[in-house]
Amino acid sequence: MASGVAAWLPFARAAAIGWMPVANMPMPIAPTEKNKRADELIVLNVSGRRFETWRNTLDRYPDTLLGSSEKEFFYNEETKEYFFDRDADVFRAVLNFYRTGKLHYPRSECITSYDEELSFFGIIPEIIGDCCYEEYKDRRRENQERLMDDDEDKKDAKLPNMTFRETMWRAFENPHTSTMALVFYYVTGFFIAISVLTNVVETVPCGATPNTKEVTCGDRYTVAFFCMDTACVLIFTVEYLMRLFAAPSRYRFMRSVMSIIDVVAILPYYIGLVMTDNEDVSGAFVTLRVFRVFRIFKFSRHSQGLRILGYTLKSCASELGFLLFSLTMAIIIFATVMFYAEKGSTSSKFTSIPASFWYTIVTMTTLGYGDMVPKTIAGKIFGSICSLSGVLVIALPVPVIVSNFSRIYHQNQRADKRRAQKMQKARLARIRISKTGSSNAFLHSKRNGLFSEALELTSSIEEEQHLSKNQSLLESQHHHLLHCLEKTTNHEFADELCYEQSYLEGALQSYPSQSPSLSSQEGMTGTCCTRHTKRNHAPLPNSSIPTCALSHTHPHHNLQELSTIHIQPLNTSRSSLNMRVDEPARLNCQSGTITTAIISIPTPPATTPESDAHPPPPGPALQNVVKVSAL
Amino acid sequence: MGAVVGTLTMGERTKGERRRPSRDKIDDDFELSIVCHRPEGLDKLEAQTNFSKQELQVLYRGFKNECPSGVVNEDTFKQIYAQFFPHGDASTYAHYLFNAFDSAHSGSIKFEGFIMALSTLLRGSVREKLTWTFNLYDINRDGYINKEEMTDIVSAIYDMMGKYTYPALKTDTPKQHVDAFFQKMDKNRDGVVTLDEFILSCQEDENILRSLQLFKNVI
């Protein structure tokens with residue numbers, strides 16, 4: 001419940017009177033305000049600047065410094081005010097949070113000092129209002145980047161106790177860490193260059209012998225080139241295997257782009273080794289050689305700019321796609337038009353529409369080779385329209401790609417983007433938790449509250465005090481209101497687990513046996529109730545097991561009924577008692593609870609579920625007697 | 001060159017275009033919310049209700065905090081009420097409540113109407129409380145509660161429970177509840193409940209009488 005509307009709680013409670021005539025059951029007692037005092041002004045002296053506010057305003061958020069008793073540590077007896085030796089400007093924002101329920105971030109403040117003040121006063125920054133949240137996050141990210149840059153210089157110090165594998169991986173990823181890594185880096189770079197050069201020079205025609213025709217260098221010095229190629233491939237293979245060995249997650253490494261490039265670079269060589277010099281497959285073999293050029297992509301490990309370019313293209317995929325699509329459309333349109341325009345002319349090169357594609361592409365990209373030119377007048381007109389529109393169509397998506405690239409290049413934050421997304425998810429998760437926390441809080445406190453009422457009956461005061469301390473008056477009033485609603489509708493709030501469980505139980509029990517034969521029905525709900533009894537033994541229901549704890553709220557309902565019977569002994573009309581008896585499920589749990597509670601209280605809590613379910617249940621008449629005597 | 005020109009013009013244009021339409025809309029909304037209402041004097045209100053001056057002050061401060069303009073319209077009312085019942089859907093019941101508070105049917109609740117109703121509910125006599133509740137149930141203000149109206153009210157109350165309840169809500173649970181209600185309240189079995197029947201039946205039921213006194217010291 002947002003504490004901002006705490007002022008309306010009296011109204012909501014008053015409106016609950018509208019439910020009273022509809023309800024069939026007695027309402028729970030309202031929580032009383034112990035030592036209710038009139039609202040008073042308190043003075044907060046922050047570094048000399050005095051702020052005054054009502055005490056109730058601060059009590060709205062009891063889990064912060066100002067809302068809890070923690071502020072008593074700062075109370076100054078002589079001046080009767082609370083003194084804080086903190087920044088007064090930021091305190092304005094903090095106090096306004098209490099007043100309005102919204103936390104704002106003053107733009108003139110430094111982000112670190114603001115964060116420190118917030119953590120001092122116990123306020124989590126996630127609740128900053130949407131108006132200021134973007135600014136806050138941006139400033140925070142900038143600050144963290146600045147800190148990160150400082151950190152990276154420090155990070156290169158070698159951490160102790162790194163295994164050989166980790167050292168190797170670090171050496172591969174960051175060549176500046178050690179001399180060996182640097183040497184390795186340069187050696188591989190050198191060999192990539194050599195390999196690419198070899199592939200290129202291999203095709204250059206060099207020196208014809210007088211009687212034969214020109215041969216390429218590759219054919220002339222076959223052995224030399226083969227040795228060179230082998231050496232390079234060996235180095236690359238060794239490098240790949242070493243990286244594979246050192247990778248922390250081998251599966252992920254094998255899926256990464258760089259390793260695929262590595263594999264593609266060295267595979268043709270091995271395939272060539274395996275295949276014999278067969279006439280049939282030599283054509284395919286030649287094609288494979290083309291893939292050797294992929295070795296040039298290995299340079300992207302050595303160049304940051306290349307990686308950014310690759311990333312840009314990946315992130316602009318949609319714009320590139322649009323460019324391609326619009327170009328294709330335009331090409332097809334103009335090619336068709338040109339074909340039909342030039343159909344009439346003799347010896348026209350525009351033999352078919354696909355043949356006209358070439359003309360259109362060359363014209364639209366303003367290349368203009370001149371191997372195909374229109375001869376008819378119509379053709380020339382359409383040709384000029386084609387070239388003009390080409391300029392436009394290409395100019396449209398290009399600025400988007402350019403701006404994308406410049407943005408990415410300047411920010412250079414592949415990792416930051418991922419981190420920001422994680423933060424956003426974390427923030428939403430935290431807000432969701434605090435929202436469900438308020439609805440779960442009721443179920444929590446119902447468990448606690450009922451338990452405390454049961455304890456009241458057994459008059460153990462210390463535990464009750466401990467429990468009630470956890471809830472502010474506001475919360476207890478709100479929970480009382482929800483409790484009244486439960487009583488009016490004769491149903492309880494439950495969370496999803498218990499709802500599904502009870503649904504199943506309801507389905508199972510849809511074959512009604514009018515006489516509540518407890519032995520037959522107890523088994524089905526036995527598991528539900530028995531876990532409850534275990535908790536009876538635990539001194540306090542701790543909220544560290546929220547899900548399974550909440551799923552067993554229904555037995556507590558029966559404890560509640562018991563306590564109401566006790567408190568209003570003369571008022572339970574026959575009708576309500578009968579109603580309870582008619583509900584087989586509830587009676588079940590009652591019986592399960594009561595009997596096992598009585599029987600197993602002295603035994604230690606390590607009871608198995610079976611043994612809890614086994615004690616023979618008495619008949620219904622005895623049931624009521626048992627009920628009363630349990631109190 | 002085309003790319004350069006495109007980039008430069010693109011950046012400037014989109015910023016300008018986007019701002020203009022939204023500003024018009026914000027201006028329109030701003031006009032509507034200037035309407036403000038101030039309540040009558042503190043003394044007058046103290047005379048008309050059963051609250052003391054301090055209580056009125058506390059109430060007004062809370063009221064003004066949430067509704068700086070001095071009036072509550074139905075949407076704000078529903079929002080505020082829904083915050084107290086996070087499990088289910090409180091909007092239908094809040095609608096009926098709003099109509100009950102807004103006795104003049106003006107579409108908005110001013111502070112006077114608010115505390116008049118609160119005074120009846122918290123400090124009024126049993127008869128006054130029951131009369132107020134009768135008016136809440138009597139949706140069309142014809143002086144009778146019939147089964148449809150009661151079903152609407154009870155369904156709205158059950159809606160506030162939400163989906164996850166124990167035991168699970170069946171579709172005819174509200175109807176059963178309404179039948180039980182009419183069984184108790186409709187003395188002459190004519191299918192409608194009048195104000196006198198209602199007050200009489202409620203006074204016979206000790207549970208109801210007791211629960212009406214539950215919120216005596218809420219302020």
# chains A, B, ... in the order shown; residues from 1 in each chain; ligands from 1
$ residues_around --residues "Leu209 of chain B" --least-positions-apart "2" --cutoff "12 Å" --atoms "only C-alpha atoms" --output "PyMOL selection string"
(chain A and resi 17+20-21+23+25-27+571) or (chain B and resi 125-127+129-130+199-207+211-215)
$ residues_around --residues "His410 of chain A" --least-positions-apart "5" --cutoff "12 Å" --atoms "only C-alpha atoms" --output "NGL selection string"
:A and (305 or 308 or 312 or 403-405)
$ closest_residue --among "B:Asp102, B:Asp75, B:Asp159, B:Asp43" --to "chain A" --atoms "only C-alpha atoms"
B:Asp159
$ atom_distance --atom1 "atom CA of Lys170 of chain B" --atom2 "atom CA of Ala90 of chain B"
18.6 Å
$ residues_around --residues "Gly379 of chain A" --least-positions-apart "4" --cutoff "8 Å" --atoms "only C-alpha atoms" --output "ChimeraX atom specification"
/A:338,341-342,374-375,383
$ select_by_dssp --residues "segment 205-295 of chain A" --states "alpha helix (DSSP H)" --output "ChimeraX atom specification"
/A:217-220,222-246,250-255,257-274,279-290
